[in-house]
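Okay, run11.cif is below, mmCIF, C-alpha atoms:
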data_coords
loop_
_atom_site.group_PDB
_atom_site.id
_atom_site.type_symbol
_atom_site.label_atom_id
_atom_site.label_comp_id
_atom_site.auth_asym_id
_atom_site.auth_seq_id
_atom_site.Cartn_x
_atom_site.Cartn_y
_atom_site.Cartn_z
ATOM 1 C CA MET L 1 150.064 104.158 161.332
ATOM 2 C CA ALA L 2 147.664 106.244 163.433
ATOM 3 C CA ARG L 3 148.381 106.230 167.136
ATOM 4 C CA ARG L 4 145.741 104.397 169.151
ATOM 5 C CA PRO L 5 144.079 106.355 171.955
ATOM 6 C CA GLU L 6 145.311 105.500 175.445
ATOM 7 C CA ILE L 7 142.108 104.389 177.117
ATOM 8 C CA THR L 8 142.097 103.495 180.823
ATOM 9 C CA LEU L 9 139.998 100.890 182.619
ATOM 10 C CA ALA L 10 138.692 103.610 184.925
ATOM 11 C CA GLN L 11 137.339 105.535 181.930
ATOM 12 C CA LEU L 12 135.566 102.429 180.659
ATOM 13 C CA ARG L 13 134.126 101.580 184.073
ATOM 14 C CA TYR L 14 132.888 105.132 184.541
ATOM 15 C CA PHE L 15 131.370 105.121 181.053
ATOM 16 C CA VAL L 16 129.579 101.761 181.544
ATOM 17 C CA LEU L 17 128.055 102.770 184.857
ATOM 18 C CA ALA L 18 127.004 106.201 183.569
ATOM 19 C CA ALA L 19 125.423 104.487 180.546
ATOM 20 C CA GLU L 20 123.537 102.048 182.759
ATOM 21 C CA LYS L 21 122.302 104.790 185.096
ATOM 22 C CA LEU L 22 121.947 107.416 182.343
ATOM 23 C CA SER L 23 123.271 109.782 184.957
ATOM 24 C CA MET L 24 126.812 110.821 185.828
ATOM 25 C CA THR L 25 125.616 111.864 189.271
ATOM 26 C CA GLU L 26 124.193 108.398 189.982
ATOM 27 C CA ALA L 27 127.339 106.751 188.596
ATOM 28 C CA ALA L 28 129.532 108.908 190.819
ATOM 29 C CA ARG L 29 127.416 108.059 193.859
ATOM 30 C CA GLU L 30 127.773 104.310 193.236
ATOM 31 C CA LEU L 31 131.507 104.646 192.549
ATOM 32 C CA TYR L 32 132.096 106.834 195.632
ATOM 33 C CA VAL L 33 133.840 109.506 193.572
ATOM 34 C CA ALA L 34 133.063 113.109 192.744
ATOM 35 C CA GLN L 35 130.633 113.730 189.881
ATOM 36 C CA SER L 36 133.279 115.911 188.263
ATOM 37 C CA ALA L 37 135.639 112.920 188.121
ATOM 38 C CA VAL L 38 133.103 110.882 186.152
ATOM 39 C CA SER L 39 132.325 113.783 183.813
ATOM 40 C CA ALA L 40 136.006 114.475 183.189
ATOM 41 C CA ALA L 41 136.844 110.828 182.551
ATOM 42 C CA ILE L 42 134.014 110.426 180.029
ATOM 43 C CA ALA L 43 134.821 113.721 178.304
ATOM 44 C CA GLN L 44 138.431 112.602 177.979
ATOM 45 C CA LEU L 45 137.293 109.225 176.625
ATOM 46 C CA GLU L 46 135.175 110.954 173.985
ATOM 47 C CA THR L 47 138.097 113.187 173.013
ATOM 48 C CA GLN L 48 140.514 110.274 172.790
ATOM 49 C CA ILE L 49 138.338 108.112 170.537
ATOM 50 C CA GLY L 50 136.912 111.078 168.621
ATOM 51 C CA VAL L 51 133.185 110.356 168.973
ATOM 52 C CA GLN L 52 130.325 111.574 171.130
ATOM 53 C CA LEU L 53 129.119 108.826 173.476
ATOM 54 C CA PHE L 54 126.274 110.665 175.202
ATOM 55 C CA VAL L 55 123.677 113.222 174.247
ATOM 56 C CA ARG L 56 123.437 115.574 177.211
ATOM 57 C CA HIS L 57 120.099 117.163 178.069
ATOM 58 C CA ARG L 58 119.988 119.881 180.706
ATOM 59 C CA SER L 59 116.694 118.792 182.205
ATOM 60 C CA LYS L 60 116.469 115.109 181.200
ATOM 61 C CA GLY L 61 119.977 113.871 181.932
ATOM 62 C CA LEU L 62 121.842 111.581 179.536
ATOM 63 C CA ALA L 63 120.933 109.542 176.477
ATOM 64 C CA LEU L 64 123.307 107.220 174.675
ATOM 65 C CA ALA L 65 124.497 108.373 171.263
ATOM 66 C CA PRO L 66 124.791 105.661 168.557
ATOM 67 C CA ALA L 67 128.539 105.323 169.215
ATOM 68 C CA GLY L 68 127.793 104.944 172.912
ATOM 69 C CA VAL L 69 125.346 102.121 172.265
ATOM 70 C CA GLN L 70 128.007 100.315 170.223
ATOM 71 C CA LEU L 71 130.743 100.850 172.791
ATOM 72 C CA LEU L 72 128.612 99.817 175.755
ATOM 73 C CA GLY L 73 128.302 96.149 174.792
ATOM 74 C CA ASP L 74 131.972 95.849 173.841
ATOM 75 C CA ALA L 75 133.111 97.631 177.004
ATOM 76 C CA ARG L 76 131.019 95.369 179.203
ATOM 77 C CA ALA L 77 132.466 92.243 177.574
ATOM 78 C CA LEU L 78 135.999 93.627 177.886
ATOM 79 C CA LEU L 79 135.576 94.430 181.585
ATOM 80 C CA VAL L 80 134.142 90.968 182.289
ATOM 81 C CA GLY L 81 137.157 89.405 180.585
ATOM 82 C CA ILE L 82 139.609 91.552 182.517
ATOM 83 C CA ASP L 83 137.864 90.836 185.814
ATOM 84 C CA GLY L 84 138.044 87.112 185.048
ATOM 85 C CA ALA L 85 141.741 87.307 184.290
ATOM 86 C CA LEU L 86 142.367 89.149 187.556
ATOM 87 C CA ASP L 87 140.317 86.592 189.477
ATOM 88 C CA ALA L 88 142.403 83.782 188.027
ATOM 89 C CA ALA L 89 145.637 85.598 188.872
ATOM 90 C CA ARG L 90 144.584 86.000 192.509
ATOM 91 C CA GLY L 91 144.339 82.238 192.989
ATOM 92 C CA VAL L 92 141.601 79.785 193.867
ATOM 93 C CA ASP L 93 140.940 81.116 197.376
ATOM 94 C CA ASN L 94 139.963 84.563 196.147
ATOM 95 C CA GLN L 95 138.325 83.806 192.818
ATOM 96 C CA VAL L 96 134.648 83.847 193.762
ATOM 97 C CA ARG L 97 134.198 87.426 194.934
ATOM 98 C CA GLY L 98 132.538 90.525 193.559
ATOM 99 C CA PRO L 99 129.535 91.109 191.303
ATOM 100 C CA VAL L 100 128.218 88.915 188.508
ATOM 101 C CA ARG L 101 125.193 89.815 186.377
ATOM 102 C CA ILE L 102 122.954 87.014 185.148
ATOM 103 C CA GLY L 103 119.667 86.774 183.304
ATOM 104 C CA CYS L 104 116.908 84.373 184.349
ATOM 105 C CA PHE L 105 113.841 83.449 182.327
ATOM 106 C CA VAL L 106 110.916 85.118 184.035
ATOM 107 C CA THR L 107 108.831 82.006 184.788
ATOM 108 C CA LEU L 108 111.867 80.179 186.193
ATOM 109 C CA ALA L 109 112.993 82.960 188.517
ATOM 110 C CA PRO L 110 110.767 81.963 191.492
ATOM 111 C CA PHE L 111 112.068 78.392 191.239
ATOM 112 C CA LEU L 112 115.776 79.137 190.812
ATOM 113 C CA VAL L 113 116.740 82.583 192.080
ATOM 114 C CA PRO L 114 115.875 82.347 195.803
ATOM 115 C CA ALA L 115 117.658 78.992 196.109
ATOM 116 C CA LEU L 116 120.637 80.342 194.149
ATOM 117 C CA LEU L 117 121.035 83.413 196.357
ATOM 118 C CA ALA L 118 120.740 81.360 199.551
ATOM 119 C CA ARG L 119 123.292 78.805 198.358
ATOM 120 C CA ALA L 120 125.697 81.507 197.202
ATOM 121 C CA GLN L 121 125.445 83.303 200.542
ATOM 122 C CA GLU L 122 126.457 80.083 202.283
ATOM 123 C CA ARG L 123 129.258 79.038 199.939
ATOM 124 C CA HIS L 124 130.575 82.323 198.561
ATOM 125 C CA PRO L 125 129.666 85.192 200.904
ATOM 126 C CA GLY L 126 131.840 87.582 198.886
ATOM 127 C CA LEU L 127 129.839 86.936 195.710
ATOM 128 C CA GLN L 128 127.221 89.497 194.647
ATOM 129 C CA ILE L 129 124.684 88.028 192.190
ATOM 130 C CA LEU L 130 122.650 90.610 190.271
ATOM 131 C CA VAL L 131 119.646 89.032 188.526
ATOM 132 C CA GLU L 132 117.648 90.426 185.621
ATOM 133 C CA GLU L 133 114.360 88.615 184.949
ATOM 134 C CA VAL L 134 113.794 88.426 181.185
ATOM 135 C CA ASP L 135 111.666 86.776 178.538
ATOM 136 C CA ALA L 136 113.260 84.912 175.617
ATOM 137 C CA GLU L 137 113.701 87.970 173.382
ATOM 138 C CA GLN L 138 115.143 90.049 176.222
ATOM 139 C CA ALA L 139 117.533 87.219 177.148
ATOM 140 C CA ARG L 140 119.122 87.216 173.717
ATOM 141 C CA GLU L 141 119.536 90.989 173.731
ATOM 142 C CA ALA L 142 120.915 91.021 177.292
ATOM 143 C CA LEU L 143 123.612 88.490 176.369
ATOM 144 C CA ARG L 144 124.596 90.174 173.120
ATOM 145 C CA SER L 145 124.787 93.633 174.674
ATOM 146 C CA GLY L 146 126.884 92.357 177.569
ATOM 147 C CA ARG L 147 124.264 93.493 180.071
ATOM 148 C CA VAL L 148 124.428 90.008 181.608
ATOM 149 C CA GLU L 149 127.359 87.622 181.581
ATOM 150 C CA MET L 150 125.234 84.505 181.678
ATOM 151 C CA HIS L 151 121.597 83.476 181.278
ATOM 152 C CA VAL L 152 119.596 80.569 182.655
ATOM 153 C CA GLY L 153 116.415 79.714 180.813
ATOM 154 C CA TYR L 154 114.897 77.625 178.075
ATOM 155 C CA ASP L 155 116.710 77.223 174.773
ATOM 156 C CA PHE L 156 114.507 79.645 172.848
ATOM 157 C CA ALA L 157 116.285 81.152 169.807
ATOM 158 C CA LEU L 158 119.371 82.322 171.695
ATOM 159 C CA GLY L 159 121.445 82.444 168.501
ATOM 160 C CA GLY L 160 124.477 80.681 167.077
ATOM 161 C CA GLU L 161 127.011 82.817 168.934
ATOM 162 C CA VAL L 162 125.777 81.510 172.296
ATOM 163 C CA GLU L 163 127.325 78.532 174.066
ATOM 164 C CA ARG L 164 124.776 76.384 175.923
ATOM 165 C CA GLU L 165 125.081 73.912 178.772
ATOM 166 C CA VAL L 166 121.939 71.774 179.029
ATOM 167 C CA VAL L 167 121.183 71.148 182.702
ATOM 168 C CA ALA L 168 117.714 69.575 182.501
ATOM 169 C CA GLY L 169 114.908 68.575 180.186
ATOM 170 C CA VAL L 170 111.566 69.962 181.361
ATOM 171 C CA PRO L 171 108.424 68.326 179.940
ATOM 172 C CA ALA L 172 105.123 70.098 179.489
ATOM 173 C CA HIS L 173 102.080 69.025 181.487
ATOM 174 C CA VAL L 174 98.378 69.830 181.558
ATOM 175 C CA VAL L 175 97.038 72.073 184.323
ATOM 176 C CA LEU L 176 93.380 71.545 185.295
ATOM 177 C CA PRO L 177 91.119 72.909 188.022
ATOM 178 C CA ALA L 178 90.647 70.610 190.992
ATOM 179 C CA GLY L 179 87.496 68.567 190.494
ATOM 180 C CA HIS L 180 87.771 68.504 186.699
ATOM 181 C CA PRO L 181 86.595 65.144 185.243
ATOM 182 C CA LEU L 182 90.103 64.479 183.867
ATOM 183 C CA ALA L 183 91.948 65.583 187.000
ATOM 184 C CA ASP L 184 92.263 62.079 188.449
ATOM 185 C CA HIS L 185 93.594 60.524 185.244
ATOM 186 C CA GLY L 186 97.153 59.252 185.395
ATOM 187 C CA THR L 187 97.902 60.808 182.004
ATOM 188 C CA ILE L 188 95.932 62.786 179.412
ATOM 189 C CA HIS L 189 95.764 62.469 175.646
ATOM 190 C CA LEU L 190 95.632 65.939 174.143
ATOM 191 C CA ALA L 191 92.590 64.972 172.072
ATOM 192 C CA GLU L 192 90.622 64.735 175.331
ATOM 193 C CA LEU L 193 90.983 68.517 175.677
ATOM 194 C CA ALA L 194 89.607 69.402 172.242
ATOM 195 C CA ASP L 195 86.391 70.939 173.613
ATOM 196 C CA GLU L 196 88.017 72.755 176.549
ATOM 197 C CA GLY L 197 88.881 76.438 176.701
ATOM 198 C CA PHE L 198 92.607 77.221 176.806
ATOM 199 C CA ILE L 199 94.583 79.640 179.010
ATOM 200 C CA LEU L 200 97.783 80.659 177.171
ATOM 201 C CA LEU L 201 101.021 81.679 178.835
ATOM 202 C CA ASP L 202 101.605 84.496 176.375
ATOM 203 C CA LEU L 203 105.364 85.086 176.255
ATOM 204 C CA PRO L 204 107.639 85.273 173.185
ATOM 205 C CA PHE L 205 108.459 81.761 171.902
ATOM 206 C CA SER L 206 106.559 80.172 174.831
ATOM 207 C CA ARG L 207 103.250 80.844 173.101
ATOM 208 C CA ASP L 208 104.466 79.134 169.911
ATOM 209 C CA TYR L 209 105.763 76.160 171.886
ATOM 210 C CA PHE L 210 102.456 75.563 173.679
ATOM 211 C CA LEU L 211 100.302 76.099 170.591
ATOM 212 C CA GLY L 212 102.638 73.761 168.703
ATOM 213 C CA ILE L 213 102.059 71.040 171.302
ATOM 214 C CA LEU L 214 98.300 71.362 170.875
ATOM 215 C CA ALA L 215 98.684 71.260 167.106
ATOM 216 C CA LEU L 216 100.533 67.947 167.460
ATOM 217 C CA GLY L 217 97.435 66.652 169.221
ATOM 218 C CA GLY L 218 95.224 67.939 166.422
ATOM 219 C CA ILE L 219 93.766 70.739 168.535
ATOM 220 C CA SER L 220 93.075 74.282 167.410
ATOM 221 C CA PRO L 221 92.190 75.689 170.821
ATOM 222 C CA GLU L 222 89.698 78.308 171.848
ATOM 223 C CA ILE L 223 92.000 80.732 173.662
ATOM 224 C CA ARG L 224 89.814 82.192 176.399
ATOM 225 C CA HIS L 225 92.504 84.162 178.187
ATOM 226 C CA ARG L 226 96.155 85.138 177.717
ATOM 227 C CA SER L 227 98.622 86.175 180.376
ATOM 228 C CA GLY L 228 102.345 86.772 180.525
ATOM 229 C CA THR L 229 102.401 85.781 184.196
ATOM 230 C CA TYR L 230 102.825 82.164 185.272
ATOM 231 C CA GLU L 231 100.784 82.460 188.472
ATOM 232 C CA THR L 232 97.955 84.318 186.740
ATOM 233 C CA VAL L 233 97.622 81.417 184.304
ATOM 234 C CA ARG L 234 97.415 78.945 187.202
ATOM 235 C CA ALA L 235 94.849 81.094 189.031
ATOM 236 C CA LEU L 236 92.659 81.364 185.934
ATOM 237 C CA VAL L 237 92.710 77.586 185.612
ATOM 238 C CA ALA L 238 91.923 77.122 189.308
ATOM 239 C CA ASN L 239 88.885 79.358 188.853
ATOM 240 C CA GLY L 240 87.487 77.181 186.079
ATOM 241 C CA GLN L 241 88.352 79.376 183.099
ATOM 242 C CA GLY L 242 89.995 76.579 181.096
ATOM 243 C CA PHE L 243 93.073 74.359 181.019
ATOM 244 C CA ALA L 244 96.694 75.366 180.520
ATOM 245 C CA LEU L 245 99.985 73.867 179.467
ATOM 246 C CA LEU L 246 103.018 74.680 181.585
ATOM 247 C CA ASN L 247 106.468 73.253 182.240
ATOM 248 C CA GLN L 248 107.486 74.134 185.795
ATOM 249 C CA ARG L 249 105.648 72.394 188.614
ATOM 250 C CA PRO L 250 105.443 74.007 192.080
ATOM 251 C CA ARG L 251 105.788 71.693 195.078
ATOM 252 C CA HIS L 252 102.158 72.482 196.044
ATOM 253 C CA ASP L 253 98.882 72.756 194.129
ATOM 254 C CA LEU L 254 97.564 76.016 195.630
ATOM 255 C CA THR L 255 97.212 79.252 193.679
ATOM 256 C CA HIS L 256 97.604 82.726 195.159
ATOM 257 C CA ASP L 257 93.877 82.991 195.865
ATOM 258 C CA GLY L 258 93.832 79.706 197.796
ATOM 259 C CA ARG L 259 92.250 77.558 195.098
ATOM 260 C CA ARG L 260 93.757 74.338 193.763
ATOM 261 C CA VAL L 261 94.985 73.061 190.423
ATOM 262 C CA VAL L 262 95.971 69.582 189.338
ATOM 263 C CA THR L 263 98.889 68.804 187.015
ATOM 264 C CA VAL L 264 98.621 65.761 184.759
ATOM 265 C CA PRO L 265 101.343 64.352 182.455
ATOM 266 C CA ILE L 266 100.697 64.301 178.702
ATOM 267 C CA GLU L 267 100.408 60.843 177.181
ATOM 268 C CA ASP L 268 101.198 61.993 173.620
ATOM 269 C CA PRO L 269 104.858 62.290 172.527
ATOM 270 C CA VAL L 270 105.481 66.041 172.774
ATOM 271 C CA PRO L 271 108.777 67.982 172.868
ATOM 272 C CA GLU L 272 110.205 68.937 176.233
ATOM 273 C CA LEU L 273 112.120 72.141 176.799
ATOM 274 C CA ALA L 274 115.875 72.156 177.333
ATOM 275 C CA LEU L 275 116.859 74.201 180.372
ATOM 276 C CA VAL L 276 120.217 75.754 179.562
ATOM 277 C CA ILE L 277 122.887 77.955 181.071
ATOM 278 C CA ALA L 278 124.023 80.205 178.231
ATOM 279 C CA SER L 279 126.831 82.670 177.626
ATOM 280 C CA LEU L 280 128.483 84.214 174.589
ATOM 281 C CA SER L 281 130.960 81.809 172.997
ATOM 282 C CA ALA L 282 133.459 84.605 172.372
ATOM 283 C CA VAL L 283 133.530 85.738 176.018
ATOM 284 C CA ARG L 284 135.391 83.716 178.611
ATOM 285 C CA ARG L 285 133.290 83.055 181.710
ATOM 286 C CA SER L 286 134.636 84.633 184.860
ATOM 287 C CA ALA L 287 135.284 82.521 187.935
ATOM 288 C CA ARG L 288 132.238 84.164 189.488
ATOM 289 C CA ALA L 289 130.023 83.087 186.594
ATOM 290 C CA GLN L 290 131.453 79.563 186.716
ATOM 291 C CA ALA L 291 130.543 79.304 190.395
ATOM 292 C CA VAL L 292 127.006 80.540 189.678
ATOM 293 C CA ALA L 293 126.624 78.076 186.783
ATOM 294 C CA PHE L 294 127.682 75.183 189.024
ATOM 295 C CA MET L 295 125.130 76.103 191.687
ATOM 296 C CA LEU L 296 122.381 76.603 189.097
ATOM 297 C CA ALA L 297 123.076 73.153 187.634
ATOM 298 C CA GLU L 298 122.788 71.643 191.112
ATOM 299 C CA ILE L 299 119.497 73.402 191.818
ATOM 300 C CA ALA L 300 118.029 72.496 188.416
ATOM 301 C CA ASP L 301 118.949 68.853 189.017
ATOM 302 C CA GLU L 302 117.216 68.916 192.396
ATOM 303 C CA ILE L 303 114.058 70.546 191.037
ATOM 304 C CA PHE L 304 113.614 69.095 187.575
ATOM 305 C CA VAL L 305 115.485 65.782 187.613
ATOM 306 C CA GLU L 306 115.275 64.325 191.106
ATOM 307 C CA HIS L 307 111.659 65.382 191.679
ATOM 308 C CA GLY L 308 110.434 65.435 188.074
#
Same coordinates, now as structure tokens:
Amino acid sequence: MARRPEITLAQLRYFVLAAEKLSMTEAARELYVAQSAVSAAIAQLETQIGVQLFVRHRSKGLALAPAGVQLLGDARALLVGIDGALDAARGVDNQVRGPVRIGCFVTLAPFLVPALLARAQERHPGLQILVEEVDAEQAREALRSGRVEMHVGYDFALGGEVEREVVAGVPAHVVLPAGHPLADHGTIHLAELADEGFILLDLPFSRDYFLGILALGGISPEIRHRSGTYETVRALVANGQGFALLNQRPRHDLTHDGRRVVTVPIEDPVPELALVIASLSAVRRSARAQAVAFMLAEIADEIFVEHG
């Protein structure tokens, strides 16, 4: 039987950080070690496993070789698991410390992330939450690659290997400019919007969800504008460019340019979106991630359940 290479955790940590920074100098700076220590550790790692992990360019720095791309996701998952085991061994009092990387769906980030960071600072001052704002396609890739340990967002095609905790159901609503003839209606039938121009939140899977809702109402909309930005969609509506469908509802009706929109519930039976906290089924959540998930569930309940 071939002897397995004796890989150290330091080598893996150095490799992961160098891969994320695509620079051994930047990795060394963040690790507070000499650049030569990072270079030597990664060179030894490559020798021990017998593959090249980086392509080195004199003027352009590092690029991941195919073997490096493969190892990066596995190494991240392994380090998360080891960190979780060490947290558990330290005991309850010291579990919720150190960094945790999470993904957040881009339109939800303004609603969830500031409240999460403030709550974590109060409850777990030793916890460092690193947030990556992603769309649905990026969320799936970030989880599978190990770039984030956990993701909070809508249940858009995350894949069968992902474990989901549903924390809220978020219905769609119609967004109209203030003063629109339908703005004072208690609810709206989608058919009432058949002759209106439509502003589409143009993000992967979101666009299909919103167009699917209109199709249920028998509407093939005239899409006047598309935007991948939540607030741009609201501002376009406020300026009379059409109506929109959205799920999150700010606590106020003002847009960034000081104009107003009105949100009206949909009378037709249309699917709501499941807001989920997701992580890979095969990877045990660290104590840090568990603490973040608990706080996110609290915040989602306050925003989307208590206040609707």
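Of the listed residues (L:Gly103, L:Leu64, L:Val33, L:Gly218), L:Gly103 comes nearest to Leu130 of chain L; the distances count only C-alpha atoms.
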Between segment 141-177 of chain L and segment 194-216 of chain L, at 9 Å or less, what are the per-residue closest atom pairs and their distances in Å? Count all atoms listed in the file, order by chain and rising residue number, and return it as a Markdown table.
| residue | atom | partner | partner_atom | distance |
| --- | --- | --- | --- | --- |
| L:Phe156 | CA | L:Phe205 | CA | 6.5 |
| L:Ala157 | CA | L:Phe205 | CA | 8.1 |
| L:Ala172 | CA | L:Phe210 | CA | 8.4 |
Axis-aligned box over every listed atom of segment 15-29 of chain L, padded by 5 Å per side: centre and edges in Å to one decimal, as JSON?
{"center_x": 126.7, "center_y": 106.8, "center_z": 187.2, "size_x": 19.4, "size_y": 20.1, "size_z": 23.3}
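The residues returned by the PyMOL selection byres ((chain L and resi 247) around 6) for this structure are Pro171, Ala172, Leu246 and Gln248 of chain L.
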What does the structure give for the distance between atom CA of Ala109 of chain L and atom CA of Val305 of chain L, in Å to one decimal? 17.4 Å
At a cut-off of 7 Å, can you tabulate as a tab-separated table every residue of segment 164-190 of chain L near segment 253-271 of chain L together with its closest atom pair and the distance in Å to one decimal, using all atoms listed in the file and ordering rows by chain then number?
residue	atom	partner	partner_atom	distance
L:His173	CA	L:Pro265	CA	4.8
L:Val174	CA	L:Val264	CA	5.2
L:Val175	CA	L:Thr263	CA	4.6
L:Leu176	CA	L:Val262	CA	5.2
L:Pro177	CA	L:Val261	CA	4.6
L:Ala178	CA	L:Val261	CA	5.0
L:Ala183	CA	L:Val262	CA	6.1
L:Gly186	CA	L:Val264	CA	6.7
L:Thr187	CA	L:Pro265	CA	5.0
L:Ile188	CA	L:Ile266	CA	5.1
L:His189	CA	L:Glu267	CA	5.2
L:Leu190	CA	L:Asp268	CA	6.8
Report as a PyMOL selection string the residues that result from applying the PyMOL selection byres ((chain L and resi 10-21) around 7) to the structure here. chain L and resi 7-9+22-24+26-27+38+41-42+45+64+72+75-76
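Considering all atoms listed in the file, the residue among L:Glu46, L:Glu149, L:Glu30, L:Glu6 positioned nearest to Val292 of chain L is L:Glu149.
Proximity of L:Gly153, L:Gly61, L:Gly242, L:Gly68 to Ala274 of chain L, computed with all atoms listed in the file, is greatest for L:Gly153.
Coordinates place atom CA of Gly146 of chain L at a distance of 14.5 Å from atom CA of Cys104 of chain L.
Here atom CA of Asp155 of chain L is placed at a distance of 6.1 Å from atom CA of Val276 of chain L.
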List, as a ChimeraX atom specification, every residue that the PyMOL selection byres ((chain L and resi 147) around 12) selects in the file provided. /L:16-17,19-20,69,72-80,100-103,130-132,134,138-146,148-151,279-280
